[in-house]
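Source file: query.txt (compact mmCIF, C-alpha atoms and all ligand atoms)
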```txt
# COMPACT_ATOMS: atom_id res chain seq x y z
CA PRO A 10 -0.71 -35.53 -8.19
CA ALA A 11 -3.79 -33.52 -9.14
CA GLU A 12 -3.13 -29.78 -9.22
CA ALA A 13 -5.38 -27.56 -7.12
CA VAL A 14 -7.45 -25.14 -9.20
CA ALA A 15 -7.32 -21.37 -8.83
CA LEU A 16 -9.93 -19.80 -6.61
CA PRO A 17 -12.85 -18.52 -8.68
CA SER A 18 -12.88 -14.96 -9.91
CA SER A 19 -14.35 -12.86 -7.18
CA PRO A 20 -16.05 -9.47 -7.34
CA ALA A 21 -14.65 -9.16 -3.83
CA THR A 22 -11.17 -8.36 -5.16
CA GLU A 23 -10.06 -5.74 -2.68
CA ASN A 24 -9.49 -2.19 -3.81
CA ILE A 25 -6.26 -0.70 -2.41
CA ALA A 26 -5.65 2.96 -3.18
CA HIS A 27 -1.93 3.38 -3.87
CA ARG A 28 -0.65 6.44 -1.97
CA GLY A 29 -4.35 7.43 -1.81
CA ALA A 30 -6.27 8.25 -4.98
CA SER A 31 -2.94 9.39 -6.35
CA GLY A 32 -4.13 9.52 -9.96
CA HIS A 33 -6.50 12.34 -9.00
CA ALA A 34 -4.77 14.20 -6.15
CA PRO A 35 -1.19 14.61 -4.91
CA GLU A 36 0.05 11.27 -3.62
CA SER A 37 0.32 10.67 0.12
CA THR A 38 -1.62 13.79 1.14
CA LEU A 39 -4.85 13.96 3.13
CA PRO A 40 -6.85 15.07 0.04
CA ALA A 41 -5.64 11.95 -1.82
CA PHE A 42 -6.49 9.67 1.12
CA ARG A 43 -9.94 11.23 1.64
CA LEU A 44 -10.71 11.00 -2.05
CA ALA A 45 -9.73 7.31 -2.05
CA ASN A 46 -12.29 6.77 0.63
CA ARG A 47 -15.00 8.50 -1.37
CA MET A 48 -14.02 6.56 -4.50
CA GLY A 49 -14.74 3.20 -2.93
CA ALA A 50 -11.27 2.05 -1.85
CA ASP A 51 -11.31 -0.74 0.74
CA TRP A 52 -7.80 0.16 1.88
CA ILE A 53 -5.40 3.04 1.55
CA GLU A 54 -1.77 2.22 0.90
CA LEU A 55 0.96 4.41 2.35
CA ASP A 56 4.70 4.57 2.99
CA VAL A 57 6.42 6.03 6.04
CA HIS A 58 9.73 7.73 6.74
CA GLN A 59 11.12 9.06 9.99
CA THR A 60 11.94 12.75 10.42
CA ARG A 61 15.08 14.10 12.08
CA ASP A 62 13.12 14.61 15.30
CA GLY A 63 11.72 11.06 15.26
CA GLU A 64 8.20 11.63 13.88
CA LEU A 65 6.60 9.35 11.28
CA ALA A 66 5.85 11.20 8.06
CA VAL A 67 3.75 9.70 5.28
CA ILE A 68 5.71 10.11 2.06
CA HIS A 69 6.91 7.63 -0.53
CA ASP A 70 10.39 8.87 -1.38
CA LYS A 71 13.32 9.18 1.00
CA SER A 72 13.57 12.82 0.01
CA VAL A 73 11.06 15.62 -0.38
CA ASN A 74 12.49 16.70 -3.75
CA ARG A 75 9.99 15.14 -6.14
CA THR A 76 6.71 15.83 -4.34
CA THR A 77 7.25 19.15 -2.59
CA ASN A 78 8.79 22.57 -3.18
CA GLY A 79 11.61 21.68 -0.74
CA GLN A 80 14.87 19.80 -0.93
CA GLY A 81 16.54 17.18 1.22
CA ALA A 82 16.15 13.81 2.88
CA VAL A 83 13.20 13.37 5.24
CA LYS A 84 15.58 12.01 7.90
CA ASN A 85 17.50 15.30 7.84
CA LEU A 86 14.43 17.51 8.26
CA THR A 87 12.30 18.10 11.35
CA LEU A 88 8.54 17.69 11.25
CA SER A 89 8.04 21.44 11.47
CA GLN A 90 10.34 21.92 8.47
CA LEU A 91 8.34 19.31 6.55
CA LYS A 92 5.09 20.98 7.50
CA ARG A 93 6.20 24.22 5.87
CA LEU A 94 6.53 22.52 2.47
CA ASP A 95 3.91 22.59 -0.27
CA ALA A 96 3.15 19.01 -1.30
CA GLY A 97 0.38 19.91 -3.78
CA SER A 98 1.65 22.42 -6.35
CA TRP A 99 3.77 19.88 -8.22
CA PHE A 100 0.55 17.95 -8.89
CA ASP A 101 -1.26 21.06 -10.19
CA ALA A 102 1.66 21.70 -12.52
CA THR A 103 1.64 18.14 -13.88
CA HIS A 104 -2.19 18.00 -14.23
CA PRO A 105 -3.06 21.26 -15.99
CA LYS A 106 -6.57 20.06 -16.90
CA GLN A 107 -7.56 19.62 -13.24
CA THR A 108 -10.13 22.10 -12.06
CA VAL A 109 -9.18 21.83 -8.37
CA SER A 110 -5.94 23.23 -7.00
CA TYR A 111 -4.00 21.29 -4.39
CA ARG A 112 -1.57 24.09 -3.70
CA GLY A 113 -0.61 24.14 -0.04
CA ALA A 114 -1.38 20.47 0.68
CA ARG A 115 0.95 19.24 3.43
CA ILE A 116 2.92 16.10 4.15
CA PRO A 117 0.85 14.32 6.82
CA THR A 118 2.07 12.35 9.81
CA LEU A 119 1.01 8.72 10.17
CA GLU A 120 -1.22 9.79 13.03
CA GLU A 121 -2.99 12.41 10.91
CA VAL A 122 -3.65 9.87 8.16
CA LEU A 123 -5.07 7.35 10.64
CA LEU A 124 -7.38 10.00 12.07
CA SER A 125 -8.44 11.26 8.62
CA GLN A 126 -10.17 7.99 7.71
CA GLY A 127 -12.72 7.85 10.50
CA LYS A 128 -13.63 4.74 12.45
CA GLN A 129 -13.81 2.43 9.44
CA GLY A 130 -10.48 3.33 7.79
CA ARG A 131 -8.31 0.43 6.64
CA PHE A 132 -4.59 0.85 6.12
CA CYS A 133 -2.04 -1.03 4.05
CA ILE A 134 1.23 0.28 5.46
CA GLU A 135 4.47 -0.34 3.62
CA ILE A 136 7.76 -0.42 5.50
CA LYS A 137 10.53 0.26 3.03
CA GLU A 138 13.76 -1.70 2.90
CA GLY A 139 16.67 -0.12 4.71
CA LEU A 140 14.72 1.91 7.27
CA PRO A 141 16.01 1.81 10.87
CA VAL A 142 14.43 -1.06 12.83
CA GLY A 143 12.98 1.53 15.21
CA VAL A 144 10.62 2.69 12.47
CA GLU A 145 8.63 -0.50 12.39
CA LYS A 146 8.34 -0.48 16.18
CA GLN A 147 7.13 3.09 16.07
CA VAL A 148 4.55 2.22 13.41
CA LEU A 149 3.26 -0.65 15.56
CA ASP A 150 3.15 1.55 18.68
CA THR A 151 1.19 4.19 16.77
CA LEU A 152 -1.27 1.57 15.49
CA LYS A 153 -1.68 0.22 19.00
CA ARG A 154 -2.38 3.69 20.42
CA HIS A 155 -5.12 4.08 17.84
CA GLY A 156 -6.65 0.69 18.66
CA LEU A 157 -5.81 -0.63 15.19
CA LEU A 158 -3.97 -3.83 15.92
CA PRO A 159 -6.08 -6.78 14.83
CA ARG A 160 -8.78 -7.01 17.37
CA HIS A 161 -11.19 -5.95 14.63
CA GLN A 162 -13.21 -7.90 12.12
CA PRO A 163 -12.72 -7.01 9.37
CA GLU A 164 -9.11 -6.23 10.06
CA ARG A 165 -8.11 -2.66 9.61
CA VAL A 166 -4.37 -2.97 9.06
CA MET A 167 -1.97 -4.91 6.90
CA ILE A 168 1.76 -4.39 6.74
CA GLN A 169 3.67 -4.90 3.53
CA SER A 170 7.37 -4.86 2.76
CA PHE A 171 9.87 -5.98 0.17
CA ASP A 172 12.14 -6.87 3.12
CA PRO A 173 11.40 -10.34 4.56
CA HIS A 174 13.32 -9.50 7.76
CA VAL A 175 10.84 -6.74 8.57
CA LEU A 176 7.91 -9.13 8.12
CA LYS A 177 9.53 -11.96 10.08
CA ARG A 178 10.18 -9.67 13.04
CA ILE A 179 6.58 -8.44 12.98
CA ARG A 180 5.27 -12.00 12.74
CA GLN A 181 7.18 -12.79 15.94
CA SER A 182 5.95 -9.78 17.88
CA HIS A 183 2.41 -9.54 16.39
CA PRO A 184 1.46 -12.99 15.08
CA ARG A 185 -2.09 -12.01 14.18
CA LEU A 186 -1.25 -9.05 12.00
CA THR A 187 -1.78 -9.56 8.24
CA LEU A 188 1.54 -9.41 6.38
CA VAL A 189 2.25 -9.02 2.68
CA GLN A 190 5.59 -9.97 1.14
CA LEU A 191 6.14 -7.67 -1.83
CA ILE A 192 8.06 -9.26 -4.69
CA HIS A 193 10.38 -7.13 -6.81
CA PHE A 194 9.65 -6.92 -10.52
CA ARG A 195 12.92 -8.69 -11.33
CA GLU A 196 12.30 -11.59 -8.89
CA ALA A 197 8.74 -12.45 -9.82
CA GLY A 198 9.45 -15.16 -12.40
CA SER A 199 11.90 -17.02 -10.18
CA LEU A 200 9.58 -17.87 -7.28
CA SER A 201 9.64 -21.63 -6.88
CA ARG A 202 7.23 -23.74 -4.89
CA PRO A 203 9.68 -24.00 -1.95
CA GLY A 204 10.18 -20.23 -2.21
CA LEU A 205 6.44 -19.67 -1.86
CA GLN A 206 6.26 -22.16 1.01
CA GLN A 207 8.98 -20.24 2.83
CA ILE A 208 7.00 -17.03 2.43
CA ALA A 209 3.84 -18.76 3.64
CA ASP A 210 5.67 -19.50 6.92
CA TYR A 211 5.69 -15.81 7.90
CA ALA A 212 3.28 -13.95 5.59
CA ASP A 213 -0.34 -14.12 4.48
CA ALA A 214 -0.04 -12.71 0.98
CA ILE A 215 2.38 -11.78 -1.74
CA GLY A 216 2.31 -8.59 -3.77
CA TYR A 217 3.32 -8.94 -7.42
CA HIS A 218 4.13 -6.37 -10.01
CA GLN A 219 1.14 -6.48 -12.38
CA ARG A 220 3.31 -6.78 -15.46
CA ARG A 221 4.95 -9.93 -14.11
CA MET A 222 1.74 -11.61 -12.99
CA GLU A 223 0.58 -14.68 -14.90
CA ARG A 224 -2.58 -16.65 -14.26
CA ASP A 225 -0.42 -19.48 -12.96
CA ASP A 226 1.16 -17.26 -10.28
CA ILE A 227 -2.27 -16.82 -8.74
CA ARG A 228 -2.95 -20.52 -8.79
CA ARG A 229 0.45 -21.33 -7.30
CA ALA A 230 0.12 -18.76 -4.53
CA HIS A 231 -3.34 -20.04 -3.60
CA ARG A 232 -2.06 -23.61 -3.55
CA GLU A 233 0.36 -22.59 -0.78
CA GLY A 234 -2.38 -20.78 1.12
CA LEU A 235 -1.11 -17.33 0.15
CA ARG A 236 -3.32 -14.54 -1.10
CA ILE A 237 -1.92 -12.57 -4.01
CA HIS A 238 -2.12 -8.84 -4.72
CA ALA A 239 -1.15 -6.95 -7.87
CA TYR A 240 0.56 -3.56 -7.86
CA THR A 241 0.05 -0.99 -9.42
CA VAL A 242 -2.82 -1.45 -11.89
CA ASN A 243 -4.33 1.62 -13.48
CA ARG A 244 -6.03 0.34 -16.63
CA LYS A 245 -9.51 -1.13 -16.50
CA LYS A 246 -8.68 -3.80 -19.06
CA LYS A 247 -5.87 -5.13 -16.88
CA MET A 248 -8.08 -4.93 -13.79
CA ARG A 249 -10.70 -7.09 -15.53
CA GLN A 250 -8.11 -9.64 -16.60
CA LEU A 251 -6.60 -9.97 -13.13
CA MET A 252 -10.04 -10.27 -11.57
CA ASP A 253 -10.94 -13.01 -14.05
CA TRP A 254 -7.82 -14.82 -12.95
CA GLY A 255 -8.88 -14.58 -9.30
CA VAL A 256 -6.46 -11.99 -7.90
CA ASP A 257 -7.28 -11.14 -4.28
CA ALA A 258 -6.45 -7.43 -4.26
CA ILE A 259 -5.43 -4.72 -6.69
CA CYS A 260 -3.38 -1.71 -5.71
CA THR A 261 -4.26 1.25 -7.94
CA ASN A 262 -3.84 5.00 -8.30
CA PHE A 263 -7.45 5.07 -9.56
CA PRO A 264 -9.73 3.37 -7.02
CA ASP A 265 -12.73 4.81 -8.89
CA ARG A 266 -11.82 2.77 -11.98
CA LEU A 267 -11.57 -0.42 -9.96
CA ARG A 268 -14.86 0.38 -8.23
CA ASP A 269 -16.50 0.73 -11.68
CA VAL A 270 -15.00 -2.54 -12.93
CA LYS A 271 -16.29 -4.32 -9.82
CA ARG A 272 -19.76 -2.88 -10.41
CA GLU A 273 -19.85 -4.40 -13.92
CA ARG A 274 -19.85 -7.87 -12.34
O1 LIG A 301 1.86 -1.91 -3.20
C1 LIG A 301 3.14 -2.00 -3.68
C2 LIG A 301 3.77 -0.67 -3.92
O2 LIG A 301 3.36 0.27 -2.99
C3 LIG A 301 5.25 -0.82 -3.93
O3 LIG A 301 5.86 0.16 -4.67
O4 LIG A 301 7.32 2.05 -4.90
O5 LIG A 301 4.87 2.41 -4.92
O6 LIG A 301 6.03 1.86 -2.80
P1 LIG A 301 6.01 1.67 -4.28
CA CA A 302 4.27 1.70 -1.28
```
Translate this file's structure into structure tokens.
Amino acid sequence: PAEAVALPSSPATENIAHRGASGHAPESTLPAFRLANRMGADWIELDVHQTRDGELAVIHDKSVNRTTNGQGAVKNLTLSQLKRLDAGSWFDATHPKQTVSYRGARIPTLEEVLLSQGKQGRFCIEIKEGLPVGVEKQVLDTLKRHGLLPRHQPERVMIQSFDPHVLKRIRQSHPRLTLVQLIHFREAGSLSRPGLQQIADYADAIGYHQRRMERDDIRRAHREGLRIHAYTVNRKKKMRQLMDWGVDAICTNFPDRLRDVKRER
């Protein structure tokens, strides 16, 4: 049978700012999310964890150790304890050439991030593997309260996860929400056609590690009606290559670089 061809390269490749403009400002803080917006990101990507008192904090790691001056697991700290931590000084220390200081930046709540992006903000929310099931419900409730469930065109939310169970549950409860199945680095090469078809039953897109992505992966995903995103791409040369191949979205710490590459076209 004739093979379907890849979709043409599109300047419309979406620009997803990974943990905000995290190459320029401390990841997962309001300055990083606001900067992403100014740098032309179409979406901001973020991760959530639940605090001891049941609030949703926006932070990538399970613990505050790497990105703040505190110690401990988010789930063992209350929101007010988190709010006392400095989530910016580590970035100043690791970027000595920066002229701006981010000292005193705080860990935001999901609600604060949603509000920080104004009425046009678009959010790619990752739900990590192994979080209590209540977290995803709480994320959805928060989105609903903010009028962000997909009544909008263009849509303002997508949910991504490495855990298919999370996505399958959300597909059941919110069938119109855009869902992205993230594929682990080690699993990328082993995705068969039936494997992709299974994913297409509950998700709209797959997210591939950029180093594992081949031109053929894009073609094969499109053939099954799946969009395909690449994470996390920081070099312009790689961005150009993936766009030439027809990738649908690129997740990057440098949304300004992707904006510039898109402008070349
Ligand atoms: O977009 C995919 C990416 O966010 C997954 O990796 O570890 O940065 O959350 P991580
Ligand atoms: Ca993430």
Quiz item: A:Lys153, A:His69, A:His104, A:His193: which is nearest A:Glu120, counting only C-alpha atoms?
Solution: A:Lys153
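Identified as lying at most 7 Å from ligand CA 302 (chain A) when counting all atoms listed in the file are the residues His27, Arg28, Glu54, Leu55, Asp56, His69 and Glu135 of chain A.
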Self-check item: Residues within 9 Å of ligand LIG 301 (chain A), counting only C-alpha atoms and all ligand atoms, as a VMD selection string
Solution: chain A and resid 25 to 28 54 to 56 69 to 70 133 to 137 169 to 171 191 to 193 216 to 218 238 to 241 259 to 261
Practice problem: Select, from A:Ile53, A:Ile215, A:Asp226, A:Arg221, the residue with the minimum atom-to-atom distance to A:Phe194, counting all atoms listed in the file. | Solution: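 Comparing A:Ile53, A:Ile215, A:Asp226, A:Arg221 against A:Phe194, the winner is A:Arg221.
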Practice problem: Enter the distance from atom CA of A:Ala114 to atom CA of A:Ser98, in Å, rounded to one decimal. | Solution: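 A separation of 7.9 Å between them.
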Quiz item: Quick one: distance from atom CA of A:Arg220 to atom CA of A:Leu267 in Å, one decimal?
Solution: 17.1 Å
When you write stretch 129-174 of chain A out from the block above, keep N, CA and C atoms and present the result as a PDB file, in the first residue's frame, please.
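Written out: part.pdb:
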```pdb
ATOM      1  N   GLN A 129      -5.203  35.779  27.193  1.00  0.00           N
ATOM      2  CA  GLN A 129      -4.826  34.961  26.030  1.00  0.00           C
ATOM      3  C   GLN A 129      -3.892  33.810  26.387  1.00  0.00           C
ATOM      4  N   GLY A 130      -3.488  33.690  27.646  1.00  0.00           N
ATOM      5  CA  GLY A 130      -2.487  32.693  28.037  1.00  0.00           C
ATOM      6  C   GLY A 130      -2.881  31.287  27.616  1.00  0.00           C
ATOM      7  N   ARG A 131      -1.875  30.500  27.207  1.00  0.00           N
ATOM      8  CA  ARG A 131      -2.127  29.109  26.807  1.00  0.00           C
ATOM      9  C   ARG A 131      -1.150  28.227  27.576  1.00  0.00           C
ATOM     10  N   PHE A 132      -1.678  27.126  28.108  1.00  0.00           N
ATOM     11  CA  PHE A 132      -0.939  26.364  29.105  1.00  0.00           C
ATOM     12  C   PHE A 132      -0.816  24.898  28.715  1.00  0.00           C
ATOM     13  N   CYS A 133       0.419  24.421  28.730  1.00  0.00           N
ATOM     14  CA  CYS A 133       0.688  23.002  28.497  1.00  0.00           C
ATOM     15  C   CYS A 133       1.085  22.448  29.872  1.00  0.00           C
ATOM     16  N   ILE A 134       0.147  21.736  30.488  1.00  0.00           N
ATOM     17  CA  ILE A 134       0.338  21.339  31.888  1.00  0.00           C
ATOM     18  C   ILE A 134       0.732  19.870  31.937  1.00  0.00           C
ATOM     19  N   GLU A 135       1.867  19.609  32.547  1.00  0.00           N
ATOM     20  CA  GLU A 135       2.310  18.209  32.680  1.00  0.00           C
ATOM     21  C   GLU A 135       1.889  17.654  34.032  1.00  0.00           C
ATOM     22  N   ILE A 136       1.339  16.453  34.009  1.00  0.00           N
ATOM     23  CA  ILE A 136       1.037  15.747  35.259  1.00  0.00           C
ATOM     24  C   ILE A 136       2.015  14.581  35.342  1.00  0.00           C
ATOM     25  N   LYS A 137       2.879  14.676  36.334  1.00  0.00           N
ATOM     26  CA  LYS A 137       3.970  13.701  36.460  1.00  0.00           C
ATOM     27  C   LYS A 137       3.440  12.328  36.851  1.00  0.00           C
ATOM     28  N   GLU A 138       4.224  11.312  36.504  1.00  0.00           N
ATOM     29  CA  GLU A 138       3.886   9.945  36.917  1.00  0.00           C
ATOM     30  C   GLU A 138       3.985   9.852  38.438  1.00  0.00           C
ATOM     31  N   GLY A 139       3.089   9.054  39.009  1.00  0.00           N
ATOM     32  CA  GLY A 139       3.214   8.771  40.436  1.00  0.00           C
ATOM     33  C   GLY A 139       2.581   9.796  41.356  1.00  0.00           C
ATOM     34  N   LEU A 140       1.949  10.841  40.808  1.00  0.00           N
ATOM     35  CA  LEU A 140       1.273  11.802  41.692  1.00  0.00           C
ATOM     36  C   LEU A 140      -0.066  11.210  42.130  1.00  0.00           C
ATOM     37  N   PRO A 141      -0.571  11.589  43.320  1.00  0.00           N
ATOM     38  CA  PRO A 141      -1.889  11.075  43.713  1.00  0.00           C
ATOM     39  C   PRO A 141      -2.950  11.461  42.674  1.00  0.00           C
ATOM     40  N   VAL A 142      -3.918  10.564  42.475  1.00  0.00           N
ATOM     41  CA  VAL A 142      -4.952  10.802  41.450  1.00  0.00           C
ATOM     42  C   VAL A 142      -5.670  12.133  41.704  1.00  0.00           C
ATOM     43  N   GLY A 143      -5.780  12.493  42.981  1.00  0.00           N
ATOM     44  CA  GLY A 143      -6.455  13.753  43.330  1.00  0.00           C
ATOM     45  C   GLY A 143      -5.817  14.963  42.668  1.00  0.00           C
ATOM     46  N   VAL A 144      -4.536  14.875  42.339  1.00  0.00           N
ATOM     47  CA  VAL A 144      -3.865  16.045  41.759  1.00  0.00           C
ATOM     48  C   VAL A 144      -4.466  16.395  40.401  1.00  0.00           C
ATOM     49  N   GLU A 145      -4.694  15.363  39.593  1.00  0.00           N
ATOM     50  CA  GLU A 145      -5.219  15.698  38.260  1.00  0.00           C
ATOM     51  C   GLU A 145      -6.631  16.291  38.364  1.00  0.00           C
ATOM     52  N   LYS A 146      -7.409  15.791  39.324  1.00  0.00           N
ATOM     53  CA  LYS A 146      -8.760  16.327  39.512  1.00  0.00           C
ATOM     54  C   LYS A 146      -8.685  17.797  39.946  1.00  0.00           C
ATOM     55  N   GLN A 147      -7.728  18.039  40.832  1.00  0.00           N
ATOM     56  CA  GLN A 147      -7.570  19.409  41.318  1.00  0.00           C
ATOM     57  C   GLN A 147      -7.101  20.362  40.205  1.00  0.00           C
ATOM     58  N   VAL A 148      -6.235  19.855  39.333  1.00  0.00           N
ATOM     59  CA  VAL A 148      -5.809  20.665  38.186  1.00  0.00           C
ATOM     60  C   VAL A 148      -7.023  21.000  37.323  1.00  0.00           C
ATOM     61  N   LEU A 149      -7.839  19.976  37.034  1.00  0.00           N
ATOM     62  CA  LEU A 149      -9.002  20.189  36.162  1.00  0.00           C
ATOM     63  C   LEU A 149     -10.003  21.145  36.815  1.00  0.00           C
ATOM     64  N   ASP A 150     -10.209  21.001  38.137  1.00  0.00           N
ATOM     65  CA  ASP A 150     -11.120  21.911  38.837  1.00  0.00           C
ATOM     66  C   ASP A 150     -10.612  23.350  38.750  1.00  0.00           C
ATOM     67  N   THR A 151      -9.298  23.502  38.906  1.00  0.00           N
ATOM     68  CA  THR A 151      -8.722  24.859  38.859  1.00  0.00           C
ATOM     69  C   THR A 151      -8.906  25.451  37.461  1.00  0.00           C
ATOM     70  N   LEU A 152      -8.670  24.626  36.434  1.00  0.00           N
ATOM     71  CA  LEU A 152      -8.836  25.114  35.060  1.00  0.00           C
ATOM     72  C   LEU A 152     -10.293  25.513  34.813  1.00  0.00           C
ATOM     73  N   LYS A 153     -11.192  24.697  35.343  1.00  0.00           N
ATOM     74  CA  LYS A 153     -12.614  24.979  35.147  1.00  0.00           C
ATOM     75  C   LYS A 153     -12.990  26.312  35.791  1.00  0.00           C
ATOM     76  N   ARG A 154     -12.519  26.489  37.034  1.00  0.00           N
ATOM     77  CA  ARG A 154     -12.804  27.758  37.746  1.00  0.00           C
ATOM     78  C   ARG A 154     -12.314  28.963  36.968  1.00  0.00           C
ATOM     79  N   HIS A 155     -11.243  28.782  36.218  1.00  0.00           N
ATOM     80  CA  HIS A 155     -10.693  29.905  35.453  1.00  0.00           C
ATOM     81  C   HIS A 155     -11.231  29.951  34.021  1.00  0.00           C
ATOM     82  N   GLY A 156     -12.255  29.144  33.754  1.00  0.00           N
ATOM     83  CA  GLY A 156     -12.883  29.167  32.424  1.00  0.00           C
ATOM     84  C   GLY A 156     -11.950  28.684  31.332  1.00  0.00           C
ATOM     85  N   LEU A 157     -11.054  27.754  31.663  1.00  0.00           N
ATOM     86  CA  LEU A 157     -10.022  27.361  30.692  1.00  0.00           C
ATOM     87  C   LEU A 157     -10.246  26.000  30.050  1.00  0.00           C
ATOM     88  N   LEU A 158     -11.317  25.335  30.419  1.00  0.00           N
ATOM     89  CA  LEU A 158     -11.544  24.048  29.754  1.00  0.00           C
ATOM     90  C   LEU A 158     -12.028  24.343  28.343  1.00  0.00           C
ATOM     91  N   PRO A 159     -11.873  23.419  27.384  1.00  0.00           N
ATOM     92  CA  PRO A 159     -11.898  23.839  25.984  1.00  0.00           C
ATOM     93  C   PRO A 159     -13.256  24.267  25.437  1.00  0.00           C
ATOM     94  N   ARG A 160     -13.601  25.466  25.813  1.00  0.00           N
ATOM     95  CA  ARG A 160     -14.732  26.108  25.169  1.00  0.00           C
ATOM     96  C   ARG A 160     -14.187  27.127  24.171  1.00  0.00           C
ATOM     97  N   HIS A 161     -12.825  27.283  24.234  1.00  0.00           N
ATOM     98  CA  HIS A 161     -12.193  28.371  23.494  1.00  0.00           C
ATOM     99  C   HIS A 161     -11.650  27.899  22.165  1.00  0.00           C
ATOM    100  N   GLN A 162     -11.577  28.787  21.225  1.00  0.00           N
ATOM    101  CA  GLN A 162     -10.863  28.558  19.969  1.00  0.00           C
ATOM    102  C   GLN A 162      -9.937  29.741  19.792  1.00  0.00           C
ATOM    103  N   PRO A 163      -8.648  29.682  19.703  1.00  0.00           N
ATOM    104  CA  PRO A 163      -7.933  28.427  19.877  1.00  0.00           C
ATOM    105  C   PRO A 163      -7.987  27.952  21.328  1.00  0.00           C
ATOM    106  N   GLU A 164      -7.754  26.658  21.486  1.00  0.00           N
ATOM    107  CA  GLU A 164      -7.753  26.094  22.829  1.00  0.00           C
ATOM    108  C   GLU A 164      -6.660  26.709  23.660  1.00  0.00           C
ATOM    109  N   ARG A 165      -6.920  26.759  24.942  1.00  0.00           N
ATOM    110  CA  ARG A 165      -5.929  27.400  25.812  1.00  0.00           C
ATOM    111  C   ARG A 165      -5.233  26.429  26.751  1.00  0.00           C
ATOM    112  N   VAL A 166      -5.597  25.154  26.683  1.00  0.00           N
ATOM    113  CA  VAL A 166      -4.968  24.192  27.589  1.00  0.00           C
ATOM    114  C   VAL A 166      -4.672  22.895  26.857  1.00  0.00           C
ATOM    115  N   MET A 167      -3.494  22.316  27.110  1.00  0.00           N
ATOM    116  CA  MET A 167      -3.298  20.900  26.810  1.00  0.00           C
ATOM    117  C   MET A 167      -2.666  20.257  28.039  1.00  0.00           C
ATOM    118  N   ILE A 168      -2.969  18.979  28.189  1.00  0.00           N
ATOM    119  CA  ILE A 168      -2.412  18.242  29.327  1.00  0.00           C
ATOM    120  C   ILE A 168      -1.465  17.200  28.762  1.00  0.00           C
ATOM    121  N   GLN A 169      -0.271  17.122  29.347  1.00  0.00           N
ATOM    122  CA  GLN A 169       0.661  16.096  28.901  1.00  0.00           C
ATOM    123  C   GLN A 169       1.122  15.253  30.085  1.00  0.00           C
ATOM    124  N   SER A 170       1.457  13.998  29.775  1.00  0.00           N
ATOM    125  CA  SER A 170       1.940  13.107  30.831  1.00  0.00           C
ATOM    126  C   SER A 170       2.704  11.954  30.195  1.00  0.00           C
ATOM    127  N   PHE A 171       3.675  11.437  30.946  1.00  0.00           N
ATOM    128  CA  PHE A 171       4.308  10.188  30.540  1.00  0.00           C
ATOM    129  C   PHE A 171       3.418   9.005  30.915  1.00  0.00           C
ATOM    130  N   ASP A 172       2.445   9.235  31.797  1.00  0.00           N
ATOM    131  CA  ASP A 172       1.612   8.155  32.334  1.00  0.00           C
ATOM    132  C   ASP A 172       0.317   8.026  31.528  1.00  0.00           C
ATOM    133  N   PRO A 173       0.165   6.932  30.754  1.00  0.00           N
ATOM    134  CA  PRO A 173      -1.055   6.798  29.942  1.00  0.00           C
ATOM    135  C   PRO A 173      -2.322   6.727  30.791  1.00  0.00           C
ATOM    136  N   HIS A 174      -2.211   6.223  32.018  1.00  0.00           N
ATOM    137  CA  HIS A 174      -3.422   6.112  32.860  1.00  0.00           C
ATOM    138  C   HIS A 174      -3.999   7.489  33.173  1.00  0.00           C
TER     139      HIS A 174
END
```
